[in-house]
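Structure file my_file_30.cif with mmCIF, C-alpha atoms and all ligand atoms:
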data_start
#
loop_
_atom_site.label_atom_id
_atom_site.label_comp_id
_atom_site.auth_asym_id
_atom_site.auth_seq_id
_atom_site.Cartn_x
_atom_site.Cartn_y
_atom_site.Cartn_z
CA MET A 120 -45.30 -21.53 -10.84
CA SER A 121 -44.19 -23.17 -7.57
CA GLY A 122 -40.62 -22.53 -8.65
CA LEU A 123 -40.74 -25.35 -11.22
CA LYS A 124 -38.22 -23.47 -13.34
CA GLU A 125 -35.90 -22.61 -10.45
CA ALA A 126 -32.45 -24.16 -10.46
CA LEU A 127 -31.56 -26.67 -7.75
CA LYS A 128 -28.08 -27.22 -6.34
CA LEU A 129 -27.43 -30.73 -5.11
CA ARG A 130 -25.22 -31.50 -2.12
CA CYS A 131 -22.37 -32.64 -4.39
CA GLY A 132 -22.45 -29.34 -6.27
CA VAL A 133 -24.32 -30.44 -9.43
CA VAL A 134 -26.73 -27.70 -10.49
CA VAL A 135 -30.02 -28.83 -12.06
CA PRO A 136 -31.61 -26.13 -14.25
CA GLY A 137 -35.22 -26.76 -13.17
CA ARG A 138 -37.46 -28.94 -11.02
CA LEU A 139 -39.01 -31.31 -13.56
CA ALA A 140 -37.51 -34.73 -14.15
CA LEU A 141 -37.96 -37.62 -16.55
CA ALA A 142 -38.72 -40.79 -14.59
CA PRO A 143 -36.62 -43.87 -15.10
CA LEU A 144 -38.67 -45.68 -17.77
CA THR A 145 -37.84 -49.16 -18.99
CA ASN A 146 -38.12 -49.02 -22.76
CA THR A 147 -36.38 -52.24 -23.93
CA GLN A 148 -34.72 -50.42 -26.81
CA SER A 149 -31.12 -51.46 -26.13
CA LEU A 150 -29.28 -54.07 -28.17
CA PRO A 151 -29.36 -57.74 -27.09
CA ASP A 152 -25.90 -57.36 -25.51
CA GLY A 153 -26.99 -54.35 -23.43
CA CYS A 154 -25.24 -51.76 -25.59
CA LEU A 155 -27.15 -48.57 -26.23
CA GLY A 156 -29.61 -48.81 -29.12
CA GLU A 157 -30.35 -45.94 -31.49
CA ASP A 158 -34.06 -45.92 -30.54
CA GLU A 159 -33.14 -45.54 -26.87
CA ARG A 160 -30.76 -42.68 -27.63
CA ARG A 161 -33.41 -40.91 -29.74
CA TRP A 162 -36.08 -41.46 -27.07
CA LEU A 163 -34.01 -39.89 -24.27
CA LEU A 164 -32.55 -37.11 -26.38
CA ARG A 165 -36.02 -36.06 -27.53
CA ARG A 166 -37.02 -35.55 -23.89
CA ALA A 167 -33.85 -33.64 -23.07
CA ARG A 168 -34.48 -31.38 -26.05
CA GLY A 169 -38.11 -31.14 -24.96
CA GLY A 170 -36.98 -29.26 -21.86
CA PHE A 171 -36.59 -31.90 -19.14
CA PRO A 172 -33.73 -30.55 -17.03
CA TRP A 173 -33.16 -33.98 -15.47
CA ILE A 174 -33.06 -37.17 -17.51
CA SER A 175 -32.82 -40.61 -15.96
CA THR A 176 -32.11 -43.68 -18.02
CA CYS A 177 -34.22 -46.77 -17.55
CA ALA A 178 -33.24 -49.28 -14.89
CA ALA A 179 -29.87 -50.44 -16.27
CA TYR A 180 -28.47 -53.84 -15.26
CA ILE A 181 -25.24 -53.83 -13.28
CA SER A 182 -24.42 -57.51 -13.89
CA ASP A 183 -25.70 -60.39 -15.98
CA GLN A 184 -27.07 -61.84 -12.77
CA GLY A 185 -29.28 -58.80 -12.34
CA LYS A 186 -30.61 -58.60 -15.91
CA ALA A 187 -34.39 -58.62 -16.04
CA TRP A 188 -35.49 -57.80 -19.61
CA GLU A 189 -34.50 -58.33 -23.21
CA GLY A 190 -33.46 -54.95 -24.55
CA GLN A 191 -32.43 -53.66 -21.11
CA LEU A 192 -29.61 -51.13 -21.06
CA GLY A 193 -26.38 -52.51 -19.60
CA VAL A 194 -23.79 -50.83 -17.38
CA ALA A 195 -22.26 -54.20 -16.55
CA GLU A 196 -19.09 -54.28 -18.62
CA ASP A 197 -16.66 -51.98 -20.35
CA ALA A 198 -18.13 -52.99 -23.72
CA HIS A 199 -21.13 -50.85 -22.71
CA LEU A 200 -18.98 -47.74 -22.28
CA PRO A 201 -18.89 -46.34 -25.84
CA GLY A 202 -22.70 -46.16 -26.08
CA LEU A 203 -23.00 -44.76 -22.55
CA THR A 204 -20.39 -42.12 -23.34
CA ARG A 205 -22.21 -41.06 -26.48
CA LEU A 206 -25.53 -40.89 -24.62
CA ALA A 207 -24.10 -38.87 -21.74
CA GLY A 208 -22.47 -36.42 -24.16
CA ASP A 209 -25.66 -35.97 -26.19
CA LEU A 210 -27.84 -35.40 -23.13
CA ARG A 211 -25.36 -32.95 -21.63
CA ALA A 212 -25.16 -31.06 -24.92
CA ALA A 213 -28.96 -30.79 -24.86
CA GLY A 214 -28.71 -29.03 -21.48
CA ALA A 215 -29.92 -31.85 -19.23
CA VAL A 216 -28.43 -33.32 -16.09
CA ALA A 217 -28.33 -37.03 -16.94
CA VAL A 218 -28.19 -39.93 -14.51
CA VAL A 219 -28.25 -43.70 -14.86
CA GLN A 220 -30.54 -45.83 -12.74
CA LEU A 221 -28.51 -48.80 -11.45
CA HIS A 222 -30.56 -51.96 -11.21
CA HIS A 223 -30.26 -55.52 -9.96
CA GLY A 224 -33.43 -57.52 -10.55
CA GLY A 225 -32.77 -60.09 -7.80
CA ALA A 226 -35.56 -62.68 -7.78
CA LEU A 227 -37.13 -60.81 -10.72
CA ALA A 228 -34.00 -61.01 -12.88
CA SER A 229 -35.67 -63.23 -15.43
CA LEU A 230 -32.64 -63.40 -17.75
CA ALA A 231 -30.16 -64.31 -15.01
CA PRO A 232 -28.49 -67.72 -15.03
CA THR A 233 -29.55 -68.06 -11.39
CA ARG A 234 -31.89 -65.64 -9.67
CA LEU A 235 -30.58 -64.16 -6.45
CA SER A 236 -32.99 -63.69 -3.60
CA THR A 237 -32.95 -63.20 0.14
CA VAL A 238 -33.41 -66.93 0.83
CA ASP A 239 -33.59 -70.15 -1.20
CA ALA A 240 -36.89 -70.60 -3.02
CA PRO A 241 -37.95 -72.53 -6.11
CA GLY A 242 -35.84 -71.18 -8.99
CA GLN A 243 -34.03 -68.74 -6.67
CA ARG A 244 -30.84 -68.88 -4.64
CA GLY A 245 -30.53 -67.21 -1.26
CA ALA A 246 -27.61 -64.77 -1.48
CA THR A 247 -24.47 -65.95 0.32
CA PRO A 248 -22.01 -63.48 1.88
CA GLY A 249 -19.91 -63.98 -1.26
CA ASP A 250 -22.89 -63.11 -3.49
CA LEU A 251 -23.54 -59.94 -1.50
CA ALA A 252 -19.91 -58.86 -1.74
CA GLN A 253 -20.15 -59.39 -5.49
CA VAL A 254 -23.38 -57.38 -5.73
CA ARG A 255 -21.71 -54.50 -3.89
CA ALA A 256 -18.67 -54.66 -6.16
CA ASP A 257 -20.88 -54.76 -9.26
CA PHE A 258 -22.82 -51.66 -8.16
CA VAL A 259 -19.55 -49.80 -7.57
CA ALA A 260 -18.05 -50.86 -10.91
CA ALA A 261 -21.24 -49.79 -12.70
CA ALA A 262 -21.24 -46.40 -10.95
CA LEU A 263 -17.60 -45.83 -11.90
CA ARG A 264 -18.43 -46.73 -15.51
CA CYS A 265 -21.23 -44.15 -15.50
CA GLU A 266 -18.88 -41.51 -14.14
CA ALA A 267 -16.26 -42.40 -16.77
CA ALA A 268 -18.96 -42.15 -19.44
CA GLY A 269 -19.68 -38.55 -18.39
CA PHE A 270 -23.01 -38.87 -16.60
CA ALA A 271 -23.71 -36.44 -13.75
CA GLY A 272 -24.71 -39.20 -11.36
CA VAL A 273 -26.33 -42.53 -10.61
CA GLU A 274 -29.51 -43.54 -8.84
CA VAL A 275 -29.52 -46.86 -7.00
CA HIS A 276 -32.83 -48.61 -7.70
CA GLY A 277 -34.05 -49.55 -4.24
CA ALA A 278 -37.73 -49.54 -5.27
CA ASN A 279 -40.43 -51.53 -7.02
CA GLY A 280 -39.67 -55.02 -5.75
CA TYR A 281 -36.18 -55.72 -7.13
CA LEU A 282 -33.18 -57.09 -5.21
CA LEU A 283 -32.67 -54.19 -2.81
CA THR A 284 -36.40 -53.90 -2.06
CA GLN A 285 -36.52 -57.65 -1.48
CA PHE A 286 -33.99 -57.16 1.30
CA LEU A 287 -35.87 -54.13 2.69
CA ALA A 288 -39.35 -55.66 2.73
CA PRO A 289 -40.16 -57.58 5.94
CA LEU A 290 -42.32 -60.13 4.12
CA ASP A 291 -39.62 -60.86 1.51
CA ASN A 292 -36.67 -61.08 3.89
CA PRO A 293 -36.78 -63.91 6.42
CA ARG A 294 -32.98 -63.96 6.80
CA THR A 295 -31.59 -64.41 10.29
CA ASP A 296 -28.08 -63.05 9.59
CA ALA A 297 -26.87 -59.43 9.61
CA TYR A 298 -28.84 -58.72 6.38
CA GLY A 299 -32.24 -59.56 7.80
CA GLY A 300 -34.29 -59.10 10.97
CA ASP A 301 -34.90 -55.53 12.10
CA LEU A 302 -34.90 -52.45 9.89
CA ALA A 303 -31.16 -51.91 10.37
CA GLY A 304 -30.48 -55.45 9.15
CA ARG A 305 -32.86 -55.26 6.21
CA ALA A 306 -31.43 -51.87 5.19
CA ARG A 307 -27.81 -53.06 5.48
CA LEU A 308 -27.31 -54.11 1.86
CA LEU A 309 -28.77 -50.91 0.39
CA ARG A 310 -26.75 -48.76 2.79
CA GLU A 311 -23.53 -50.61 2.05
CA VAL A 312 -24.11 -50.24 -1.69
CA LEU A 313 -24.60 -46.49 -1.32
CA GLN A 314 -21.67 -46.07 1.07
CA ASP A 315 -19.42 -48.05 -1.29
CA ILE A 316 -20.48 -46.00 -4.32
CA ARG A 317 -20.10 -42.69 -2.48
CA ALA A 318 -16.59 -43.67 -1.38
CA ALA A 319 -15.55 -44.76 -4.89
CA VAL A 320 -16.82 -41.94 -7.11
CA SER A 321 -15.65 -38.32 -7.17
CA PRO A 322 -17.13 -35.92 -4.61
CA GLY A 323 -18.78 -33.93 -7.42
CA PHE A 324 -20.58 -36.97 -8.83
CA ALA A 325 -24.23 -37.20 -7.76
CA VAL A 326 -25.47 -40.32 -6.00
CA GLY A 327 -29.13 -40.91 -5.23
CA VAL A 328 -31.57 -43.65 -4.34
CA ARG A 329 -35.10 -44.62 -5.36
CA LEU A 330 -37.35 -46.12 -2.70
CA SER A 331 -40.82 -47.59 -2.45
CA PRO A 332 -41.70 -45.98 0.89
CA VAL A 333 -44.99 -47.85 1.29
CA ASP A 334 -46.66 -50.94 -0.16
CA LEU A 335 -48.13 -50.18 -3.57
CA TRP A 336 -49.14 -53.21 -5.62
CA SER A 337 -48.75 -55.97 -3.05
CA GLN A 338 -48.46 -56.25 0.71
CA ARG A 339 -44.75 -56.56 1.49
CA GLY A 340 -44.76 -54.86 4.89
CA LEU A 341 -43.17 -51.55 3.78
CA ARG A 342 -44.24 -48.83 6.23
CA LEU A 343 -43.75 -45.08 6.06
CA ALA A 344 -42.21 -44.75 9.53
CA ASP A 345 -39.50 -47.31 8.65
CA SER A 346 -38.91 -45.72 5.25
CA VAL A 347 -38.49 -42.26 6.76
CA GLN A 348 -35.87 -43.66 9.15
CA LEU A 349 -34.18 -45.34 6.19
CA GLY A 350 -34.18 -41.98 4.39
CA ARG A 351 -32.40 -40.39 7.37
CA TRP A 352 -29.74 -43.11 7.36
CA LEU A 353 -29.22 -42.80 3.62
CA ALA A 354 -28.74 -39.06 4.04
CA GLU A 355 -25.99 -39.87 6.58
CA ASP A 356 -24.51 -42.26 4.00
CA GLY A 357 -24.10 -39.33 1.63
CA VAL A 358 -26.95 -39.48 -0.90
CA ASP A 359 -27.70 -36.30 -2.85
CA TRP A 360 -31.35 -37.17 -3.39
CA VAL A 361 -34.07 -39.57 -2.30
CA HIS A 362 -36.61 -40.46 -4.97
CA LEU A 363 -40.06 -41.72 -3.94
CA SER A 364 -41.80 -44.15 -6.26
CA LEU A 365 -45.51 -43.53 -5.68
CA MET A 366 -48.76 -44.04 -7.56
CA GLN A 367 -49.84 -40.54 -6.57
CA ALA A 368 -47.27 -37.90 -5.67
CA THR A 369 -49.41 -36.31 -2.96
CA ALA A 370 -50.69 -39.57 -1.44
CA SER A 371 -50.67 -40.36 2.26
CA ALA A 372 -49.49 -43.75 3.54
CA PRO A 373 -52.07 -46.52 3.16
CA GLU A 374 -51.60 -47.34 6.85
CA ASP A 375 -52.44 -43.71 7.77
CA PRO A 376 -54.77 -42.37 5.08
CA SER A 377 -55.61 -39.19 6.98
CA GLY A 378 -51.96 -38.51 7.79
CA PRO A 379 -49.69 -36.07 5.94
CA PRO A 380 -48.58 -36.83 2.38
CA ILE A 381 -45.68 -39.28 2.23
CA ALA A 382 -43.63 -36.58 0.49
CA THR A 383 -44.28 -34.14 3.34
CA ALA A 384 -43.11 -36.67 5.93
CA PHE A 385 -39.90 -37.26 3.97
CA ARG A 386 -39.23 -33.57 3.38
CA ALA A 387 -39.56 -32.94 7.09
CA ALA A 388 -37.19 -35.78 7.99
CA LEU A 389 -34.43 -35.27 5.43
CA PRO A 390 -31.66 -32.69 5.86
CA GLY A 391 -32.34 -29.57 3.79
CA ASP A 392 -29.49 -30.26 1.38
CA VAL A 393 -30.81 -33.69 0.37
CA ALA A 394 -33.23 -33.24 -2.53
CA LEU A 395 -36.55 -35.04 -2.58
CA GLN A 396 -37.83 -36.37 -5.91
CA VAL A 397 -41.40 -37.56 -6.10
CA ALA A 398 -43.18 -39.45 -8.91
CA GLY A 399 -46.80 -40.45 -9.26
CA ALA A 400 -49.60 -39.41 -11.62
CA VAL A 401 -48.28 -35.97 -12.49
CA TRP A 402 -50.15 -35.04 -15.68
CA THR A 403 -50.87 -31.33 -15.41
CA LEU A 404 -49.13 -28.22 -14.16
CA ALA A 405 -51.53 -28.25 -11.19
CA ASP A 406 -50.39 -31.81 -10.37
CA ALA A 407 -46.75 -30.69 -10.47
CA GLN A 408 -47.49 -27.70 -8.27
CA ALA A 409 -49.33 -29.91 -5.79
CA ALA A 410 -46.33 -32.25 -5.65
CA ARG A 411 -44.05 -29.28 -4.96
CA ALA A 412 -46.41 -28.02 -2.28
CA ALA A 413 -46.36 -31.47 -0.66
CA GLY A 414 -42.57 -31.31 -0.36
CA ALA A 415 -41.04 -32.45 -3.65
CA ASP A 416 -37.94 -30.52 -4.66
CA GLN A 417 -38.05 -32.25 -8.04
CA VAL A 418 -41.25 -33.45 -9.70
CA VAL A 419 -40.83 -36.63 -11.71
CA LEU A 420 -42.97 -37.51 -14.73
CA GLY A 421 -43.39 -41.01 -16.11
CA ARG A 422 -46.38 -41.69 -18.34
CA ALA A 423 -47.04 -38.04 -19.20
CA ALA A 424 -43.50 -37.82 -20.58
CA ILE A 425 -44.05 -40.83 -22.82
CA ILE A 426 -46.65 -39.01 -24.87
CA HIS A 427 -45.51 -35.42 -24.19
CA PRO A 428 -41.72 -35.40 -24.68
CA ASP A 429 -41.83 -31.60 -24.46
CA TRP A 430 -44.06 -31.46 -21.36
CA PRO A 431 -41.84 -28.84 -19.63
CA GLU A 432 -42.43 -26.55 -22.61
CA VAL A 433 -46.11 -27.15 -23.32
CA ALA A 434 -47.62 -27.74 -19.88
CA PHE A 435 -47.27 -24.11 -18.83
CA ASP A 436 -49.73 -23.13 -21.56
CA LEU A 437 -53.16 -22.57 -20.02
CA ALA A 438 -54.74 -24.47 -22.93
CA PHE A 439 -52.64 -27.60 -22.31
CA SER A 440 -54.63 -30.75 -21.73
CA PRO A 441 -52.62 -33.95 -21.28
CA SER A 442 -53.22 -36.96 -23.45
CA ARG A 443 -53.94 -39.98 -21.24
CA PRO A 444 -53.66 -43.64 -22.20
CA PRO A 445 -54.64 -45.63 -24.13
CA TRP A 446 -52.67 -43.86 -26.85
CA PRO A 447 -52.87 -44.45 -30.59
CA LEU A 448 -49.66 -45.89 -32.02
CA PRO A 449 -49.07 -43.01 -34.46
CA ALA A 450 -49.04 -40.58 -31.53
CA LEU A 451 -46.43 -42.73 -29.80
CA VAL A 452 -44.33 -42.94 -32.96
CA ALA A 453 -44.52 -39.16 -33.27
CA ALA A 454 -43.12 -38.95 -29.72
CA ASP A 455 -40.10 -41.08 -30.72
CA VAL A 456 -41.36 -44.22 -29.04
CA GLY A 457 -39.57 -46.97 -30.96
CA THR A 458 -40.71 -50.52 -31.52
CA GLY A 459 -39.09 -51.85 -28.33
CA LEU A 460 -41.09 -49.49 -26.16
CA GLN A 461 -44.22 -49.93 -28.30
CA ARG A 462 -43.97 -53.66 -27.61
CA TYR A 463 -43.42 -53.08 -23.89
CA LEU A 464 -46.44 -50.77 -23.70
CA LEU A 465 -48.61 -53.12 -25.77
CA ALA A 466 -47.98 -55.78 -23.13
CA ARG A 467 -49.37 -53.47 -20.41
CA PRO A 468 -53.16 -53.29 -20.41
CA GLY A 469 -54.70 -49.92 -21.17
CA MET A 470 -51.61 -48.21 -22.61
CA VAL A 471 -52.00 -48.51 -26.39
CA LEU A 472 -55.07 -48.23 -28.62
CA GLY A 473 -55.34 -50.85 -31.33
CA GLY A 474 -52.95 -53.69 -32.03
CA ALA A 475 -50.05 -53.96 -34.44
CA LEU A 476 -46.62 -52.45 -34.12
CA SER A 477 -45.97 -49.49 -36.37
CA ARG A 478 -42.81 -50.91 -37.92
CA GLY A 479 -40.16 -53.56 -37.42
C1 LIG A 501 -43.29 -47.99 -19.22
C2 LIG A 501 -42.80 -47.81 -17.82
C3 LIG A 501 -41.52 -48.19 -17.48
C4 LIG A 501 -41.03 -48.00 -16.17
N1 LIG A 501 -39.74 -48.33 -15.89
C5 LIG A 501 -39.20 -48.03 -14.68
C6 LIG A 501 -37.82 -48.23 -14.42
O1 LIG A 501 -37.05 -48.67 -15.29
N2 LIG A 501 -37.37 -47.91 -13.18
C7 LIG A 501 -38.18 -47.41 -12.20
O2 LIG A 501 -37.73 -47.12 -11.10
N3 LIG A 501 -39.50 -47.19 -12.44
C8 LIG A 501 -40.02 -47.46 -13.66
N4 LIG A 501 -41.32 -47.18 -13.91
C9 LIG A 501 -42.11 -46.40 -12.92
C10 LIG A 501 -42.00 -44.91 -13.26
O3 LIG A 501 -40.67 -44.44 -13.08
C11 LIG A 501 -42.93 -44.04 -12.40
O4 LIG A 501 -42.58 -44.15 -11.05
C12 LIG A 501 -44.39 -44.46 -12.55
O5 LIG A 501 -44.73 -44.59 -13.93
C13 LIG A 501 -45.32 -43.45 -11.87
O6 LIG A 501 -45.21 -42.19 -12.48
P1 LIG A 501 -46.34 -41.69 -13.53
O7 LIG A 501 -47.66 -41.81 -12.81
O8 LIG A 501 -45.94 -40.28 -13.85
O9 LIG A 501 -46.29 -42.59 -14.72
C14 LIG A 501 -41.86 -47.42 -15.19
C15 LIG A 501 -43.16 -47.05 -15.53
C16 LIG A 501 -43.64 -47.21 -16.82
C17 LIG A 501 -45.04 -46.75 -17.17
#
Render the structure in this file as structure tokens.
Amino acid sequence: MSGLKEALKLRCGVVVPGRLALAPLTNTQSLPDGCLGEDERRWLLRRARGGFPWISTCAAYISDQGKAWEGQLGVAEDAHLPGLTRLAGDLRAAGAVAVVQLHHGGALASLAPTRLSTVDAPGQRGATPGDLAQVRADFVAAALRCEAAGFAGVEVHGANGYLLTQFLAPLDNPRTDAYGGDLAGRARLLREVLQDIRAAVSPGFAVGVRLSPVDLWSQRGLRLADSVQLGRWLAEDGVDWVHLSLMQATASAPEDPSGPPIATAFRAALPGDVALQVAGAVWTLADAQAARAAGADQVVLGRAAIIHPDWPEVAFDLAFSPSRPPWPLPALVAADVGTGLQRYLLARPGMVLGGALSRG
């Protein structure tokens, strides 16, 4: 079964009891102040009990200035600690390795008092050296909170167009100081954040990073060759895993469609003890095996895990056939999708059949 049930030992010593992972999935089920909501706890716990050996929280905001959604989970202040501690304990008791995805929305932080960006733009403020020092400190404080809460690790969200990707992407970063220009300059903020976190947390605490290695939805100038170099640097900075955010786990780079899969290029470039996580349209066991064959050490499921919270238990059955969107609301409710996530999915075309919320 392509070793999908094999344990994996991370660089820091954390042992993951299998190769399947729940993707970070924004579910807007936290309380207005960022404290853990009961629906969010139930949603994650159901997937841990459903056999996912690795559970990531949604993108969780590290500071009010990075907050992007109502109902987003917070790791921004000590008031968030009791809920985080309960969540970490529950997920651990269910047998999962649980990590928090640390997020700063940057120019997309729609709930921020002022939106931080690489340079001044309408409604956005170009980050000053003082802002960047604060961002670094906020990431570190959030990581320490997650360790205190009992999580196994944190993943820095460097993907999908948020603050750290805005710095990485050539077309979003026209800065002329040390945080812009060539790849080394554009990667500086992300690398400093990871170096700072690695230096602050315990050696046995896992630290990873999620990247968008190529352009997906819009042309931002992200290229595989640059991203592979970035991956090498991040490995030097001490990350335990690199997580690729892709539409298709076995895809090749758009700029080189007949080239090797993106995952294969990363696996070849990263040191052997840095794990590679890959997400993108994994629905069936064959998809997961193909992702492993392409180089993924851990295979990450997003949408399939929304409707199949026990995918790691049912997908090995030869008769398994995944349910694909749009999904009927009762099926989502049966999978412990609460009203916050129902609402979020209803706002995305093609995800939910029919109209009204089930309750609330
Ligand atoms: C409802 C929803 C919420 C998401 N939230 C996040 C998030 O908080 N952080 C993140 O890095 N990616 C997020 N993503 C992207 C997923 O983690 C994943 O990369 C993507 O869905 C592709 O995997 P899939 O084809 O298995 O769904 C989200 C995707 C969906 C559908």
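Taking CA of Ser229 (chain A) and CA of Arg462 (chain A) as endpoints, the distance between them is 17.6 Å.
Shortest separation to Asn279 (chain A) among A:Val456, A:Leu335, A:Leu404, A:Ala415 occurs at residue A:Leu335, atoms counted being only C-alpha atoms.
Closest approach to ligand LIG 501 (chain A) from the set A:Val238, A:Val133, A:Leu144, A:Leu330 is made by A:Leu144, with distances taken over only C-alpha atoms and all ligand atoms.
When only C-alpha atoms are used to compute distances to Ile181 (chain A), the closest of the residues A:Val433, A:Ala240, A:Leu221, A:Ala297 turns out to be A:Leu221.
Between CA of Met470 (chain A) and atom C14 of ligand LIG 501 (chain A) the interatomic distance comes to 12.3 Å.
Closest approach to Leu363 (chain A) among A:Leu127, A:Ile381, A:Ala450, A:Val326: A:Ile381, based on only C-alpha atoms.
Nearest to ligand LIG 501 (chain A) of all the residues A:Leu150, A:Cys131, A:Val401, A:Ala226 is A:Val401, counting only C-alpha atoms and all ligand atoms.
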### Query
Can I get the residues close to ligand LIG 501 (chain A) as a ChimeraX atom specification, where close means within 9 Å and we count only C-alpha atoms and all ligand atoms?
/A:141-146,176-179,191,220,222,276-279,329-330,363-368,397-402,419-425,460,463-464,467,470
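Remark: for Gly269 (chain A), the closest of the candidate residues A:Phe324, A:Trp430, A:Phe385, A:Phe286 is A:Phe324 (distances computed over all atoms listed in the file).
CA of Gln338 (chain A) sits 19.4 Å away from CA of Gly378 (chain A).
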#### Entry: Neighbour list for region 155-160 of chain A as a PyMOL selection string, cut-off 7 Å, all atoms listed in the file, skip fewer than 3 positions in-chain
chain A and resi 148-150+163-164+192+202-203+206+457
Taking C-alpha atoms for each residue, export the selection above as a PDB file, in the coordinates of the input.
ATOM      1  CA  GLN A 148     -34.720 -50.420 -26.810  1.00  0.00           C
ATOM      2  CA  SER A 149     -31.120 -51.460 -26.130  1.00  0.00           C
ATOM      3  CA  LEU A 150     -29.280 -54.070 -28.170  1.00  0.00           C
ATOM      4  CA  LEU A 163     -34.010 -39.890 -24.270  1.00  0.00           C
ATOM      5  CA  LEU A 164     -32.550 -37.110 -26.380  1.00  0.00           C
ATOM      6  CA  LEU A 192     -29.610 -51.130 -21.060  1.00  0.00           C
ATOM      7  CA  GLY A 202     -22.700 -46.160 -26.080  1.00  0.00           C
ATOM      8  CA  LEU A 203     -23.000 -44.760 -22.550  1.00  0.00           C
ATOM      9  CA  LEU A 206     -25.530 -40.890 -24.620  1.00  0.00           C
ATOM     10  CA  GLY A 457     -39.570 -46.970 -30.960  1.00  0.00           C
TER      11      GLY A 457
END
Box centre and edge lengths (Å, one decimal), axis-aligned, region 209-216 of chain A plus 6 Å each side, as JSON:
{"center_x": -27.5, "center_y": -32.5, "center_z": -21.1, "size_x": 16.8, "size_y": 18.9, "size_z": 22.1}
### Query
So which residues touch region 271-273 of chain A within 9 Å, counting only C-alpha atoms, skipping near sequence neighbours fewer than 5 positions away, as a PyMOL selection string?
chain A and resi 133+175+207+211+216-221+262+265-266+323-328
Keeping only C-alpha atoms, write those residues as an mmCIF file, in the frame of the given file.
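Printed below is result31.cif as written:
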data_model
loop_
_atom_site.group_PDB
_atom_site.id
_atom_site.type_symbol
_atom_site.label_atom_id
_atom_site.label_comp_id
_atom_site.auth_asym_id
_atom_site.auth_seq_id
_atom_site.Cartn_x
_atom_site.Cartn_y
_atom_site.Cartn_z
ATOM 1 C CA VAL A 133 -24.320 -30.440 -9.430
ATOM 2 C CA SER A 175 -32.820 -40.610 -15.960
ATOM 3 C CA ALA A 207 -24.100 -38.870 -21.740
ATOM 4 C CA ARG A 211 -25.360 -32.950 -21.630
ATOM 5 C CA VAL A 216 -28.430 -33.320 -16.090
ATOM 6 C CA ALA A 217 -28.330 -37.030 -16.940
ATOM 7 C CA VAL A 218 -28.190 -39.930 -14.510
ATOM 8 C CA VAL A 219 -28.250 -43.700 -14.860
ATOM 9 C CA GLN A 220 -30.540 -45.830 -12.740
ATOM 10 C CA LEU A 221 -28.510 -48.800 -11.450
ATOM 11 C CA ALA A 262 -21.240 -46.400 -10.950
ATOM 12 C CA CYS A 265 -21.230 -44.150 -15.500
ATOM 13 C CA GLU A 266 -18.880 -41.510 -14.140
ATOM 14 C CA GLY A 323 -18.780 -33.930 -7.420
ATOM 15 C CA PHE A 324 -20.580 -36.970 -8.830
ATOM 16 C CA ALA A 325 -24.230 -37.200 -7.760
ATOM 17 C CA VAL A 326 -25.470 -40.320 -6.000
ATOM 18 C CA GLY A 327 -29.130 -40.910 -5.230
ATOM 19 C CA VAL A 328 -31.570 -43.650 -4.340
#
Write region 407-417 of chain A as a PDB file, in the frame of the given file, completed to N, CA and C atoms.
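For reference, rebuild-v8.pdb as written:
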ATOM      1  N   ALA A 407     -48.162 -30.950 -10.803  1.00  0.00           N
ATOM      2  CA  ALA A 407     -46.750 -30.690 -10.470  1.00  0.00           C
ATOM      3  C   ALA A 407     -46.646 -29.696  -9.321  1.00  0.00           C
ATOM      4  N   GLN A 408     -47.508 -28.693  -9.356  1.00  0.00           N
ATOM      5  CA  GLN A 408     -47.490 -27.700  -8.270  1.00  0.00           C
ATOM      6  C   GLN A 408     -47.911 -28.333  -6.950  1.00  0.00           C
ATOM      7  N   ALA A 409     -48.877 -29.240  -7.018  1.00  0.00           N
ATOM      8  CA  ALA A 409     -49.330 -29.910  -5.790  1.00  0.00           C
ATOM      9  C   ALA A 409     -48.208 -30.791  -5.221  1.00  0.00           C
ATOM     10  N   ALA A 410     -47.455 -31.426  -6.110  1.00  0.00           N
ATOM     11  CA  ALA A 410     -46.330 -32.250  -5.650  1.00  0.00           C
ATOM     12  C   ALA A 410     -45.276 -31.377  -4.974  1.00  0.00           C
ATOM     13  N   ARG A 411     -45.008 -30.213  -5.581  1.00  0.00           N
ATOM     14  CA  ARG A 411     -44.050 -29.280  -4.960  1.00  0.00           C
ATOM     15  C   ARG A 411     -44.550 -28.825  -3.592  1.00  0.00           C
ATOM     16  N   ALA A 412     -45.832 -28.510  -3.542  1.00  0.00           N
ATOM     17  CA  ALA A 412     -46.410 -28.020  -2.280  1.00  0.00           C
ATOM     18  C   ALA A 412     -46.340 -29.107  -1.204  1.00  0.00           C
ATOM     19  N   ALA A 413     -46.409 -30.366  -1.629  1.00  0.00           N
ATOM     20  CA  ALA A 413     -46.360 -31.470  -0.660  1.00  0.00           C
ATOM     21  C   ALA A 413     -44.933 -31.749  -0.185  1.00  0.00           C
ATOM     22  N   GLY A 414     -43.941 -31.136  -0.839  1.00  0.00           N
ATOM     23  CA  GLY A 414     -42.570 -31.310  -0.360  1.00  0.00           C
ATOM     24  C   GLY A 414     -41.557 -31.731  -1.390  1.00  0.00           C
ATOM     25  N   ALA A 415     -41.992 -32.002  -2.624  1.00  0.00           N
ATOM     26  CA  ALA A 415     -41.040 -32.450  -3.650  1.00  0.00           C
ATOM     27  C   ALA A 415     -40.157 -31.286  -4.089  1.00  0.00           C
ATOM     28  N   ASP A 416     -38.853 -31.505  -4.072  1.00  0.00           N
ATOM     29  CA  ASP A 416     -37.940 -30.520  -4.660  1.00  0.00           C
ATOM     30  C   ASP A 416     -37.876 -30.698  -6.166  1.00  0.00           C
ATOM     31  N   GLN A 417     -38.018 -31.940  -6.612  1.00  0.00           N
ATOM     32  CA  GLN A 417     -38.050 -32.250  -8.040  1.00  0.00           C
ATOM     33  C   GLN A 417     -39.293 -33.102  -8.303  1.00  0.00           C
TER      34      GLN A 417
END
